[in-house]
file start_10.pdb (PDB, C-alpha atoms and all ligand atoms)
ATOM      1  CA  MET U   1     -36.267 -50.770 -80.198  1.00  0.00           C
ATOM      2  CA  ILE U   2     -34.599 -51.659 -83.454  1.00  0.00           C
ATOM      3  CA  PHE U   3     -33.464 -55.278 -83.450  1.00  0.00           C
ATOM      4  CA  THR U   4     -30.864 -56.625 -85.835  1.00  0.00           C
ATOM      5  CA  THR U   5     -28.647 -59.702 -85.915  1.00  0.00           C
ATOM      6  CA  SER U   6     -25.471 -60.594 -87.797  1.00  0.00           C
ATOM      7  CA  TRP U   7     -23.767 -63.967 -88.213  1.00  0.00           C
ATOM      8  CA  ASP U   8     -20.248 -64.612 -89.412  1.00  0.00           C
ATOM      9  CA  ASP U   9     -18.429 -67.277 -91.424  1.00  0.00           C
ATOM     10  CA  GLY U  10     -21.111 -68.778 -93.716  1.00  0.00           C
ATOM     11  CA  HIS U  11     -21.130 -72.187 -92.013  1.00  0.00           C
ATOM     12  CA  PRO U  12     -23.873 -74.565 -93.285  1.00  0.00           C
ATOM     13  CA  CYS U  13     -25.518 -74.262 -89.823  1.00  0.00           C
ATOM     14  CA  ASP U  14     -26.495 -70.731 -90.915  1.00  0.00           C
ATOM     15  CA  GLU U  15     -29.439 -72.370 -92.672  1.00  0.00           C
ATOM     16  CA  ARG U  16     -30.821 -73.638 -89.359  1.00  0.00           C
ATOM     17  CA  LEU U  17     -30.244 -70.231 -87.822  1.00  0.00           C
ATOM     18  CA  ALA U  18     -31.958 -68.485 -90.746  1.00  0.00           C
ATOM     19  CA  ALA U  19     -34.993 -70.765 -90.397  1.00  0.00           C
ATOM     20  CA  MET U  20     -35.233 -69.774 -86.721  1.00  0.00           C
ATOM     21  CA  LEU U  21     -35.032 -66.052 -87.534  1.00  0.00           C
ATOM     22  CA  ASP U  22     -37.693 -66.562 -90.217  1.00  0.00           C
ATOM     23  CA  HIS U  23     -39.923 -68.360 -87.740  1.00  0.00           C
ATOM     24  CA  TYR U  24     -39.846 -65.391 -85.360  1.00  0.00           C
ATOM     25  CA  GLY U  25     -39.998 -62.769 -88.125  1.00  0.00           C
ATOM     26  CA  LEU U  26     -36.575 -61.342 -87.244  1.00  0.00           C
ATOM     27  CA  ALA U  27     -34.058 -59.939 -89.711  1.00  0.00           C
ATOM     28  CA  GLY U  28     -30.388 -60.675 -90.115  1.00  0.00           C
ATOM     29  CA  THR U  29     -27.199 -60.340 -92.102  1.00  0.00           C
ATOM     30  CA  PHE U  30     -24.792 -63.178 -92.886  1.00  0.00           C
ATOM     31  CA  TYR U  31     -21.105 -62.444 -93.601  1.00  0.00           C
ATOM     32  CA  ILE U  32     -19.676 -65.156 -95.810  1.00  0.00           C
ATOM     33  CA  PRO U  33     -16.124 -65.858 -97.028  1.00  0.00           C
ATOM     34  CA  ILE U  34     -15.723 -67.974-100.177  1.00  0.00           C
ATOM     35  CA  LYS U  35     -13.694 -70.493 -98.198  1.00  0.00           C
ATOM     36  CA  ASN U  36     -12.315 -70.644 -94.681  1.00  0.00           C
ATOM     37  CA  GLN U  37      -8.546 -71.019 -94.237  1.00  0.00           C
ATOM     38  CA  GLU U  38      -9.182 -72.309 -90.712  1.00  0.00           C
ATOM     39  CA  GLY U  39     -10.735 -75.408 -92.249  1.00  0.00           C
ATOM     40  CA  ARG U  40     -14.330 -74.711 -91.266  1.00  0.00           C
ATOM     41  CA  GLN U  41     -16.930 -75.586 -93.844  1.00  0.00           C
ATOM     42  CA  VAL U  42     -18.573 -72.792 -95.857  1.00  0.00           C
ATOM     43  CA  MET U  43     -22.013 -73.257 -97.423  1.00  0.00           C
ATOM     44  CA  ASP U  44     -22.154 -73.888-101.177  1.00  0.00           C
ATOM     45  CA  ALA U  45     -23.264 -71.408-103.842  1.00  0.00           C
ATOM     46  CA  LEU U  46     -26.792 -72.801-103.996  1.00  0.00           C
ATOM     47  CA  ALA U  47     -27.276 -72.377-100.237  1.00  0.00           C
ATOM     48  CA  MET U  48     -25.903 -68.800-100.439  1.00  0.00           C
ATOM     49  CA  ARG U  49     -28.410 -67.923-103.156  1.00  0.00           C
ATOM     50  CA  GLU U  50     -31.245 -69.413-101.123  1.00  0.00           C
ATOM     51  CA  LEU U  51     -30.226 -67.426 -98.029  1.00  0.00           C
ATOM     52  CA  ASP U  52     -29.891 -64.276-100.147  1.00  0.00           C
ATOM     53  CA  ARG U  53     -33.608 -64.395-100.976  1.00  0.00           C
ATOM     54  CA  ARG U  54     -34.579 -63.661 -97.353  1.00  0.00           C
ATOM     55  CA  PHE U  55     -31.534 -62.066 -95.698  1.00  0.00           C
ATOM     56  CA  GLU U  56     -28.671 -59.694 -96.415  1.00  0.00           C
ATOM     57  CA  ILE U  57     -25.406 -61.363 -97.361  1.00  0.00           C
ATOM     58  CA  GLY U  58     -22.176 -59.475 -96.815  1.00  0.00           C
ATOM     59  CA  SER U  59     -18.545 -60.323 -97.523  1.00  0.00           C
ATOM     60  CA  HIS U  60     -16.038 -61.734 -95.023  1.00  0.00           C
ATOM     61  CA  THR U  61     -12.971 -61.751 -97.337  1.00  0.00           C
ATOM     62  CA  LEU U  62     -12.019 -64.536 -99.753  1.00  0.00           C
ATOM     63  CA  ASP U  63     -10.468 -66.978 -97.245  1.00  0.00           C
ATOM     64  CA  HIS U  64     -11.542 -65.639 -93.833  1.00  0.00           C
ATOM     65  CA  ALA U  65      -8.173 -63.865 -93.752  1.00  0.00           C
ATOM     66  CA  TYR U  66      -6.976 -61.855 -90.733  1.00  0.00           C
ATOM     67  CA  LEU U  67      -6.256 -58.680 -92.655  1.00  0.00           C
ATOM     68  CA  THR U  68      -3.820 -56.942 -90.308  1.00  0.00           C
ATOM     69  CA  LYS U  69      -1.339 -59.794 -90.792  1.00  0.00           C
ATOM     70  CA  LEU U  70      -1.135 -59.386 -94.586  1.00  0.00           C
ATOM     71  CA  THR U  71       0.853 -57.194 -96.970  1.00  0.00           C
ATOM     72  CA  ALA U  72      -1.085 -54.349 -98.603  1.00  0.00           C
ATOM     73  CA  GLU U  73      -1.384 -56.362-101.843  1.00  0.00           C
ATOM     74  CA  GLN U  74      -2.613 -59.506-100.084  1.00  0.00           C
ATOM     75  CA  CYS U  75      -5.087 -57.434 -98.082  1.00  0.00           C
ATOM     76  CA  ASP U  76      -6.519 -55.742-101.225  1.00  0.00           C
ATOM     77  CA  PHE U  77      -6.745 -59.127-102.915  1.00  0.00           C
ATOM     78  CA  GLN U  78      -8.614 -60.766-100.018  1.00  0.00           C
ATOM     79  CA  ILE U  79     -11.098 -57.900 -99.860  1.00  0.00           C
ATOM     80  CA  LEU U  80     -11.660 -57.509-103.622  1.00  0.00           C
ATOM     81  CA  ALA U  81     -11.706 -61.179-104.621  1.00  0.00           C
ATOM     82  CA  GLY U  82     -14.046 -61.988-101.703  1.00  0.00           C
ATOM     83  CA  LYS U  83     -16.440 -59.273-102.866  1.00  0.00           C
ATOM     84  CA  HIS U  84     -16.326 -60.107-106.577  1.00  0.00           C
ATOM     85  CA  GLN U  85     -16.687 -63.860-106.162  1.00  0.00           C
ATOM     86  CA  LEU U  86     -19.647 -63.388-103.820  1.00  0.00           C
ATOM     87  CA  GLU U  87     -21.227 -60.966-106.322  1.00  0.00           C
ATOM     88  CA  ASP U  88     -20.755 -63.546-109.109  1.00  0.00           C
ATOM     89  CA  ILE U  89     -22.528 -66.172-106.993  1.00  0.00           C
ATOM     90  CA  LEU U  90     -25.415 -63.892-105.954  1.00  0.00           C
ATOM     91  CA  GLY U  91     -25.747 -61.960-109.207  1.00  0.00           C
ATOM     92  CA  HIS U  92     -25.845 -58.534-107.564  1.00  0.00           C
ATOM     93  CA  ASN U  93     -23.736 -55.963-105.779  1.00  0.00           C
ATOM     94  CA  VAL U  94     -22.576 -56.720-102.202  1.00  0.00           C
ATOM     95  CA  GLY U  95     -22.297 -53.596-100.020  1.00  0.00           C
ATOM     96  CA  GLY U  96     -21.669 -55.031 -96.563  1.00  0.00           C
ATOM     97  CA  PHE U  97     -18.347 -56.231 -95.180  1.00  0.00           C
ATOM     98  CA  CYS U  98     -17.221 -57.718 -91.864  1.00  0.00           C
ATOM     99  CA  TYR U  99     -13.558 -57.845 -90.719  1.00  0.00           C
ATOM    100  CA  PRO U 100     -12.550 -61.469 -89.909  1.00  0.00           C
ATOM    101  CA  GLY U 101     -11.766 -61.661 -86.195  1.00  0.00           C
ATOM    102  CA  GLY U 102     -12.740 -57.991 -85.997  1.00  0.00           C
ATOM    103  CA  LYS U 103      -9.131 -57.230 -86.960  1.00  0.00           C
ATOM    104  CA  PHE U 104      -8.456 -54.010 -88.852  1.00  0.00           C
ATOM    105  CA  ASN U 105      -6.361 -50.852 -88.841  1.00  0.00           C
ATOM    106  CA  ALA U 106      -6.438 -47.592 -90.825  1.00  0.00           C
ATOM    107  CA  ASP U 107      -4.929 -49.206 -93.964  1.00  0.00           C
ATOM    108  CA  VAL U 108      -7.351 -52.146 -93.909  1.00  0.00           C
ATOM    109  CA  ARG U 109     -10.288 -49.773 -93.401  1.00  0.00           C
ATOM    110  CA  GLU U 110      -9.096 -47.675 -96.359  1.00  0.00           C
ATOM    111  CA  SER U 111      -8.815 -50.764 -98.506  1.00  0.00           C
ATOM    112  CA  VAL U 112     -12.436 -51.748 -97.662  1.00  0.00           C
ATOM    113  CA  ILE U 113     -13.628 -48.248 -98.591  1.00  0.00           C
ATOM    114  CA  ASN U 114     -11.675 -48.364-101.871  1.00  0.00           C
ATOM    115  CA  ALA U 115     -13.310 -51.696-102.740  1.00  0.00           C
ATOM    116  CA  GLN U 116     -16.652 -49.813-102.837  1.00  0.00           C
ATOM    117  CA  PHE U 117     -18.205 -51.372 -99.781  1.00  0.00           C
ATOM    118  CA  VAL U 118     -20.925 -49.250 -98.160  1.00  0.00           C
ATOM    119  CA  TYR U 119     -20.168 -50.236 -94.567  1.00  0.00           C
ATOM    120  CA  ALA U 120     -18.101 -52.626 -92.444  1.00  0.00           C
ATOM    121  CA  ARG U 121     -19.024 -54.346 -89.188  1.00  0.00           C
ATOM    122  CA  GLY U 122     -16.529 -54.710 -86.315  1.00  0.00           C
ATOM    123  CA  ILE U 123     -16.677 -56.484 -82.941  1.00  0.00           C
ATOM    124  CA  SER U 124     -16.903 -53.691 -80.382  1.00  0.00           C
ATOM    125  CA  ASN U 125     -19.707 -54.805 -78.037  1.00  0.00           C
ATOM    126  CA  PHE U 126     -22.137 -53.019 -75.691  1.00  0.00           C
ATOM    127  CA  TRP U 127     -23.425 -50.354 -78.097  1.00  0.00           C
ATOM    128  CA  LEU U 128     -27.096 -49.411 -78.162  1.00  0.00           C
ATOM    129  CA  ASN U 129     -26.818 -47.493 -81.441  1.00  0.00           C
ATOM    130  CA  SER U 130     -25.028 -47.990 -84.743  1.00  0.00           C
ATOM    131  CA  GLY U 131     -21.871 -46.221 -83.609  1.00  0.00           C
ATOM    132  CA  ILE U 132     -19.999 -43.288 -85.079  1.00  0.00           C
ATOM    133  CA  ASP U 133     -18.194 -44.880 -88.014  1.00  0.00           C
ATOM    134  CA  SER U 134     -19.917 -46.751 -90.841  1.00  0.00           C
ATOM    135  CA  PHE U 135     -16.649 -48.660 -91.422  1.00  0.00           C
ATOM    136  CA  ASN U 136     -16.662 -49.953 -87.863  1.00  0.00           C
ATOM    137  CA  ILE U 137     -20.327 -50.669 -87.117  1.00  0.00           C
ATOM    138  CA  PRO U 138     -20.389 -51.948 -83.545  1.00  0.00           C
ATOM    139  CA  THR U 139     -22.617 -54.579 -81.935  1.00  0.00           C
ATOM    140  CA  THR U 140     -24.483 -54.927 -78.655  1.00  0.00           C
ATOM    141  CA  ILE U 141     -23.512 -58.434 -77.622  1.00  0.00           C
ATOM    142  CA  GLN U 142     -22.397 -61.778 -79.035  1.00  0.00           C
ATOM    143  CA  PHE U 143     -24.799 -64.691 -78.579  1.00  0.00           C
ATOM    144  CA  TYR U 144     -22.365 -66.721 -76.506  1.00  0.00           C
ATOM    145  CA  PRO U 145     -21.912 -67.368 -72.753  1.00  0.00           C
ATOM    146  CA  HIS U 146     -18.653 -65.438 -72.411  1.00  0.00           C
ATOM    147  CA  SER U 147     -16.838 -65.297 -69.102  1.00  0.00           C
ATOM    148  CA  ARG U 148     -16.955 -62.009 -67.224  1.00  0.00           C
ATOM    149  CA  GLN U 149     -13.243 -61.608 -67.995  1.00  0.00           C
ATOM    150  CA  VAL U 150     -13.854 -61.688 -71.771  1.00  0.00           C
ATOM    151  CA  LEU U 151     -16.683 -59.158 -71.432  1.00  0.00           C
ATOM    152  CA  TRP U 152     -14.419 -56.868 -69.407  1.00  0.00           C
ATOM    153  CA  ARG U 153     -11.656 -57.153 -72.004  1.00  0.00           C
ATOM    154  CA  ASN U 154     -13.997 -56.144 -74.828  1.00  0.00           C
ATOM    155  CA  PHE U 155     -15.375 -53.272 -72.749  1.00  0.00           C
ATOM    156  CA  ILE U 156     -11.910 -51.900 -71.911  1.00  0.00           C
ATOM    157  CA  LYS U 157     -10.479 -52.335 -75.396  1.00  0.00           C
ATOM    158  CA  HIS U 158     -13.038 -50.351 -77.372  1.00  0.00           C
ATOM    159  CA  GLY U 159     -13.405 -47.085 -75.413  1.00  0.00           C
ATOM    160  CA  HIS U 160     -16.533 -44.848 -75.418  1.00  0.00           C
ATOM    161  CA  TYR U 161     -17.098 -46.023 -71.851  1.00  0.00           C
ATOM    162  CA  SER U 162     -19.983 -43.858 -70.735  1.00  0.00           C
ATOM    163  CA  GLU U 163     -21.967 -44.713 -73.865  1.00  0.00           C
ATOM    164  CA  ARG U 164     -21.274 -48.439 -73.551  1.00  0.00           C
ATOM    165  CA  PHE U 165     -21.506 -48.869 -69.784  1.00  0.00           C
ATOM    166  CA  PRO U 166     -25.296 -49.434 -69.484  1.00  0.00           C
ATOM    167  CA  ALA U 167     -25.270 -52.464 -71.815  1.00  0.00           C
ATOM    168  CA  PHE U 168     -22.014 -53.765 -70.330  1.00  0.00           C
ATOM    169  CA  LYS U 169     -23.433 -53.542 -66.825  1.00  0.00           C
ATOM    170  CA  SER U 170     -26.617 -55.449 -67.637  1.00  0.00           C
ATOM    171  CA  VAL U 171     -24.670 -58.329 -69.150  1.00  0.00           C
ATOM    172  CA  ALA U 172     -21.653 -58.421 -66.842  1.00  0.00           C
ATOM    173  CA  VAL U 173     -23.521 -58.394 -63.532  1.00  0.00           C
ATOM    174  CA  GLY U 174     -26.112 -61.035 -64.470  1.00  0.00           C
ATOM    175  CA  MET U 175     -25.859 -64.413 -62.767  1.00  0.00           C
ATOM    176  CA  ASN U 176     -27.192 -66.252 -65.789  1.00  0.00           C
ATOM    177  CA  TRP U 177     -26.009 -65.086 -69.222  1.00  0.00           C
ATOM    178  CA  LEU U 178     -29.282 -65.763 -71.029  1.00  0.00           C
ATOM    179  CA  SER U 179     -31.475 -63.962 -68.507  1.00  0.00           C
ATOM    180  CA  ALA U 180     -28.952 -61.103 -68.503  1.00  0.00           C
ATOM    181  CA  MET U 181     -29.314 -60.844 -72.293  1.00  0.00           C
ATOM    182  CA  LYS U 182     -33.098 -60.888 -72.004  1.00  0.00           C
ATOM    183  CA  ASN U 183     -32.957 -58.133 -69.365  1.00  0.00           C
ATOM    184  CA  LEU U 184     -30.704 -56.086 -71.641  1.00  0.00           C
ATOM    185  CA  VAL U 185     -33.163 -56.361 -74.539  1.00  0.00           C
ATOM    186  CA  GLU U 186     -36.253 -55.834 -72.419  1.00  0.00           C
ATOM    187  CA  ALA U 187     -34.799 -52.644 -70.940  1.00  0.00           C
ATOM    188  CA  GLN U 188     -34.657 -51.158 -74.460  1.00  0.00           C
ATOM    189  CA  SER U 189     -37.990 -52.454 -75.750  1.00  0.00           C
ATOM    190  CA  GLU U 190     -39.774 -49.091 -75.426  1.00  0.00           C
ATOM    191  CA  THR U 191     -36.833 -46.997 -76.670  1.00  0.00           C
ATOM    192  CA  GLU U 192     -35.550 -46.179 -80.165  1.00  0.00           C
ATOM    193  CA  ARG U 193     -32.171 -47.729 -79.426  1.00  0.00           C
ATOM    194  CA  VAL U 194     -30.528 -50.493 -81.440  1.00  0.00           C
ATOM    195  CA  ILE U 195     -29.958 -54.034 -80.195  1.00  0.00           C
ATOM    196  CA  HIS U 196     -27.453 -55.797 -82.450  1.00  0.00           C
ATOM    197  CA  ILE U 197     -26.864 -59.458 -81.595  1.00  0.00           C
ATOM    198  CA  TRP U 198     -24.065 -61.244 -83.456  1.00  0.00           C
ATOM    199  CA  GLY U 199     -22.478 -64.658 -83.432  1.00  0.00           C
ATOM    200  CA  HIS U 200     -21.478 -67.804 -85.326  1.00  0.00           C
ATOM    201  CA  SER U 201     -23.847 -70.671 -86.125  1.00  0.00           C
ATOM    202  CA  TRP U 202     -20.936 -73.147 -85.877  1.00  0.00           C
ATOM    203  CA  GLU U 203     -20.321 -71.948 -82.318  1.00  0.00           C
ATOM    204  CA  ILE U 204     -23.999 -72.410 -81.447  1.00  0.00           C
ATOM    205  CA  GLU U 205     -23.785 -75.936 -82.860  1.00  0.00           C
ATOM    206  CA  ASP U 206     -20.472 -76.771 -81.090  1.00  0.00           C
ATOM    207  CA  ASN U 207     -21.776 -75.527 -77.733  1.00  0.00           C
ATOM    208  CA  ASN U 208     -25.296 -76.867 -78.131  1.00  0.00           C
ATOM    209  CA  LEU U 209     -26.921 -73.450 -77.742  1.00  0.00           C
ATOM    210  CA  TRP U 210     -29.827 -73.962 -80.167  1.00  0.00           C
ATOM    211  CA  SER U 211     -32.540 -74.203 -77.526  1.00  0.00           C
ATOM    212  CA  GLN U 212     -31.192 -71.094 -75.773  1.00  0.00           C
ATOM    213  CA  LEU U 213     -31.180 -69.241 -79.098  1.00  0.00           C
ATOM    214  CA  ASP U 214     -34.754 -70.333 -79.801  1.00  0.00           C
ATOM    215  CA  ASP U 215     -35.794 -69.198 -76.320  1.00  0.00           C
ATOM    216  CA  PHE U 216     -34.056 -65.838 -76.763  1.00  0.00           C
ATOM    217  CA  LEU U 217     -35.460 -65.114 -80.238  1.00  0.00           C
ATOM    218  CA  ASN U 218     -38.943 -66.072 -79.050  1.00  0.00           C
ATOM    219  CA  PHE U 219     -38.562 -63.639 -76.140  1.00  0.00           C
ATOM    220  CA  VAL U 220     -37.385 -60.850 -78.480  1.00  0.00           C
ATOM    221  CA  SER U 221     -40.193 -61.404 -80.987  1.00  0.00           C
ATOM    222  CA  GLU U 222     -42.792 -61.039 -78.236  1.00  0.00           C
ATOM    223  CA  LEU U 223     -41.465 -57.527 -77.555  1.00  0.00           C
ATOM    224  CA  ASN U 224     -42.485 -56.621 -81.142  1.00  0.00           C
ATOM    225  CA  PRO U 225     -39.308 -54.761 -82.111  1.00  0.00           C
ATOM    226  CA  VAL U 226     -38.714 -53.003 -85.419  1.00  0.00           C
ATOM    227  CA  THR U 227     -36.383 -55.453 -87.122  1.00  0.00           C
ATOM    228  CA  CYS U 228     -34.007 -54.779 -89.998  1.00  0.00           C
ATOM    229  CA  ARG U 229     -30.842 -56.003 -91.683  1.00  0.00           C
ATOM    230  CA  LEU U 230     -27.564 -54.139 -91.221  1.00  0.00           C
ATOM    231  CA  ASP U 231     -27.814 -52.509 -94.655  1.00  0.00           C
ATOM    232  CA  GLU U 232     -31.243 -51.154 -93.685  1.00  0.00           C
ATOM    233  CA  LEU U 233     -30.087 -49.739 -90.370  1.00  0.00           C
ATOM    234  CA  ARG U 234     -29.026 -46.526 -92.094  1.00  0.00           C
ATOM    235  CA  SER U 235     -32.629 -45.562 -92.874  1.00  0.00           C
ATOM    236  CA  HIS U 236     -33.860 -46.427 -89.374  1.00  0.00           C
ATOM    237  CA  ASN U 237     -31.025 -45.032 -87.334  1.00  0.00           C
ATOM    238  CA  LYS U 238     -28.767 -42.541 -89.036  1.00  0.00           C
ATOM    239  CA  TRP U 239     -25.087 -43.444 -89.065  1.00  0.00           C
ATOM    240  CA  SER U 240     -23.489 -40.277 -87.821  1.00  0.00           C
ATOM    241  CA  ASN U 241     -20.074 -38.731 -88.442  1.00  0.00           C
ATOM    242  CA  GLU U 242     -19.521 -40.747 -91.580  1.00  0.00           C
ATOM    243  CA  LYS U 243     -15.932 -40.508 -92.684  1.00  0.00           C
TER     244      LYS U 243
HETATM  245 ZN    ZN Q 301     -15.345 -64.716 -88.997  1.00  0.00          ZN
END
call {"tool": "encode", "arguments": {"input": "start_10.pdb", "output": "structure tokens"}}
result
Amino acid sequence: MIFTTSWDDGHPCDERLAAMLDHYGLAGTFYIPIKNQEGRQVMDALAMRELDRRFEIGSHTLDHAYLTKLTAEQCDFQILAGKHQLEDILGHNVGGFCYPGGKFNADVRESVINAQFVYARGISNFWLNSGIDSFNIPTTIQFYPHSRQVLWRNFIKHGHYSERFPAFKSVAVGMNWLSAMKNLVEAQSETERVIHIWGHSWEIEDNNLWSQLDDFLNFVSELNPVTCRLDELRSHNKWSNEK
């Protein structure tokens, strides 16, 4: 099993999350906007540089902007300024991008490619590989106790049903969300498939899920997975059909 995690929004609670990943020797990627138009706090430049020493940092636009609602010019600006300001802070190139709210269309995707990003992460769940499009890298499951209705909606919306059904089934039929997630991971522990957990540290804080996260990461680490950041996934698990 290849185990990766990704965390959106650059909230200061990312530091607590990063310390937990470090403790269990697990890798991760953090997608950080420069500021958040929804009013949520974003970590300062010093904290970003500290995180960058141990994890991958990717861009999440300048203002956490929902790109499909913008004009073409505003969309290009959000993508480019978010990338360049993050690169100025970190002092190196940033190749990873994540669409705020998972919202994108063909024009937005094109704009991300033109900005010289290497890949973009989306929010299609229930995948056990890195998908078929490096500008819509899917995930396996969000670290959050979603209702069955929300899980169904994500399953229906993103197609590729036969490929995604096994992971969907393990999570959607479980009585307890955390044991269902553990079962999902354990079922893949002897395979070469990818488990990609994503989430928001602010959401873990707001819903008091830290002990569950600690429990889950401990469980995963005991399965001894290969662990890598999203930008390293390419070498472990070829991204196919790159367009
Ligand atoms: Zn976000």
call {"tool": "residues_around", "arguments": {"input": "start_10.pdb", "residues": "Ser6 (chain U)", "least_positions_apart": "6", "cutoff": "10 Å", "atoms": "only C-alpha atoms", "output": "list in words"}}
result
Ala27, Gly28, Thr29, Phe30, Tyr31, Glu56, Ile57, Gly58, Cys98, Arg121, Thr139, Gln142, His196, Ile197, Trp198, Gly199, His200, Arg229 and Leu230 of chain U
call {"tool": "closest_atom_pairs", "arguments": {"input": "start_10.pdb", "of": "region 103-174 of chain U", "to": "region 84-88 of chain U", "cutoff": "12 Å", "atoms": "all atoms listed in the file", "output": "JSON lines"}}
result
{"residue": "U:Ala115", "atom": "CA", "partner": "U:His84", "partner_atom": "CA", "distance": 9.7}
{"residue": "U:Gln116", "atom": "CA", "partner": "U:His84", "partner_atom": "CA", "distance": 11.0}
{"residue": "U:Phe117", "atom": "CA", "partner": "U:His84", "partner_atom": "CA", "distance": 11.2}
call {"tool": "residues_near_ligand", "arguments": {"input": "start_10.pdb", "ligand": "ligand ZN 301 (chain Q)", "cutoff": "10 Å", "atoms": "only C-alpha atoms and all ligand atoms", "output": "number ranges by chain"}}
result
U: 7-11, 31-33, 36, 38, 60-61, 63-66, 98-103, 199-200
call {"tool": "atom_distance", "arguments": {"input": "start_10.pdb", "atom1": "CA of Ser147 (chain U)", "atom2": "CA of Ser134 (chain U)"}}
result
28.7 Å
call {"tool": "atom_distance", "arguments": {"input": "start_10.pdb", "atom1": "CA of Ser130 (chain U)", "atom2": "CA of Glu192 (chain U)"}}
result
11.6 Å
call {"tool": "residues_near_point", "arguments": {"input": "start_10.pdb", "point": "(-35.0, -66.6, -85.4)", "cutoff": "9 Å", "atoms": "all atoms listed in the file", "output": "list in words"}}
result
Leu17, Ala18, Ala19, Met20, Leu21, Asp22, His23, Tyr24, Gly25, Leu26, Ala27, Gly28, Leu213, Asp214, Phe216, Leu217, Asn218 and Ser221 of chain U
call {"tool": "closest_residue", "arguments": {"input": "start_10.pdb", "among": "U:Ile195, U:Ile79, U:Ala187, U:Ile137", "to": "Leu67 (chain U)", "atoms": "all atoms listed in the file"}}
result
U:Ile79
call {"tool": "atom_distance", "arguments": {"input": "start_10.pdb", "atom1": "CA of Val185 (chain U)", "atom2": "CA of Val220 (chain U)"}}
result
7.3 Å
call {"tool": "closest_residue", "arguments": {"input": "start_10.pdb", "among": "U:Phe3, U:Phe77, U:Phe126, U:Tyr144", "to": "Val112 (chain U)", "atoms": "all atoms listed in the file"}}
result
U:Phe77
call {"tool": "resolve_selection", "arguments": {"input": "start_10.pdb", "expression": "the PyMOL selection byres (((chain U and resi 2) around 8) and not hetatm)", "output": "VMD selection string"}}
result
chain U and resid 1 3 to 4 192 to 195 225 to 228 236
call {"tool": "axis_aligned_box", "arguments": {"input": "start_10.pdb", "around": "region 35-45 of chain U", "padding_each_side": "6 Å", "output": "lines of an AutoDock Vina configuration file"}}
result
center_x = -15.9
center_y = -73.0
center_z = -97.3
size_x = 26.7
size_y = 17.1
size_z = 25.1
call {"tool": "closest_residue", "arguments": {"input": "start_10.pdb", "among": "U:Thr68, U:Ser201, U:Ser235, U:Asn125", "to": "Arg16 (chain U)", "atoms": "only C-alpha atoms"}}
result
U:Ser201
call {"tool": "resolve_selection", "arguments": {"input": "start_10.pdb", "expression": "the PyMOL selection byres (((chain U and resi 72) around 12) and not hetatm)", "output": "PDB file with C-alpha atoms, keeping the file's coordinate frame"}}
result
ATOM      1  CA  LEU U  67      -6.256 -58.680 -92.655  1.00  0.00           C
ATOM      2  CA  THR U  68      -3.820 -56.942 -90.308  1.00  0.00           C
ATOM      3  CA  LYS U  69      -1.339 -59.794 -90.792  1.00  0.00           C
ATOM      4  CA  LEU U  70      -1.135 -59.386 -94.586  1.00  0.00           C
ATOM      5  CA  THR U  71       0.853 -57.194 -96.970  1.00  0.00           C
ATOM      6  CA  GLU U  73      -1.384 -56.362-101.843  1.00  0.00           C
ATOM      7  CA  GLN U  74      -2.613 -59.506-100.084  1.00  0.00           C
ATOM      8  CA  CYS U  75      -5.087 -57.434 -98.082  1.00  0.00           C
ATOM      9  CA  ASP U  76      -6.519 -55.742-101.225  1.00  0.00           C
ATOM     10  CA  PHE U  77      -6.745 -59.127-102.915  1.00  0.00           C
ATOM     11  CA  GLN U  78      -8.614 -60.766-100.018  1.00  0.00           C
ATOM     12  CA  ILE U  79     -11.098 -57.900 -99.860  1.00  0.00           C
ATOM     13  CA  ASN U 105      -6.361 -50.852 -88.841  1.00  0.00           C
ATOM     14  CA  ALA U 106      -6.438 -47.592 -90.825  1.00  0.00           C
ATOM     15  CA  ASP U 107      -4.929 -49.206 -93.964  1.00  0.00           C
ATOM     16  CA  VAL U 108      -7.351 -52.146 -93.909  1.00  0.00           C
ATOM     17  CA  ARG U 109     -10.288 -49.773 -93.401  1.00  0.00           C
ATOM     18  CA  GLU U 110      -9.096 -47.675 -96.359  1.00  0.00           C
ATOM     19  CA  SER U 111      -8.815 -50.764 -98.506  1.00  0.00           C
ATOM     20  CA  VAL U 112     -12.436 -51.748 -97.662  1.00  0.00           C
TER      21      VAL U 112
END
call {"tool": "residues_near_point", "arguments": {"input": "start_10.pdb", "point": "(-26.4, -72.1, -105.5)", "cutoff": "12 Å", "atoms": "all atoms listed in the file", "output": "ChimeraX atom specification"}}
result
/U:43-53,86,88-91
call {"tool": "resolve_selection", "arguments": {"input": "start_10.pdb", "expression": "the PyMOL selection byres (((chain U and resi 167) around 10) and not hetatm)", "output": "compact mmCIF listing (two decimals) with C-alpha atoms, in the coordinates of the input"}}
result
# COMPACT_ATOMS: atom_id res chain seq x y z
CA ASN U 125 -19.71 -54.80 -78.04
CA PHE U 126 -22.14 -53.02 -75.69
CA TRP U 127 -23.42 -50.35 -78.10
CA LEU U 128 -27.10 -49.41 -78.16
CA THR U 140 -24.48 -54.93 -78.66
CA ILE U 141 -23.51 -58.43 -77.62
CA PHE U 155 -15.38 -53.27 -72.75
CA GLU U 163 -21.97 -44.71 -73.86
CA ARG U 164 -21.27 -48.44 -73.55
CA PHE U 165 -21.51 -48.87 -69.78
CA PRO U 166 -25.30 -49.43 -69.48
CA PHE U 168 -22.01 -53.76 -70.33
CA LYS U 169 -23.43 -53.54 -66.82
CA SER U 170 -26.62 -55.45 -67.64
CA VAL U 171 -24.67 -58.33 -69.15
CA ALA U 172 -21.65 -58.42 -66.84
CA ALA U 180 -28.95 -61.10 -68.50
CA MET U 181 -29.31 -60.84 -72.29
CA ASN U 183 -32.96 -58.13 -69.36
CA LEU U 184 -30.70 -56.09 -71.64
CA VAL U 185 -33.16 -56.36 -74.54
CA ALA U 187 -34.80 -52.64 -70.94
CA GLN U 188 -34.66 -51.16 -74.46
CA ILE U 195 -29.96 -54.03 -80.19
call {"tool": "closest_residue", "arguments": {"input": "start_10.pdb", "among": "U:Asn136, U:Thr5, U:Leu223, U:Glu15", "to": "Thr191 (chain U)", "atoms": "all atoms listed in the file"}}
result
U:Leu223
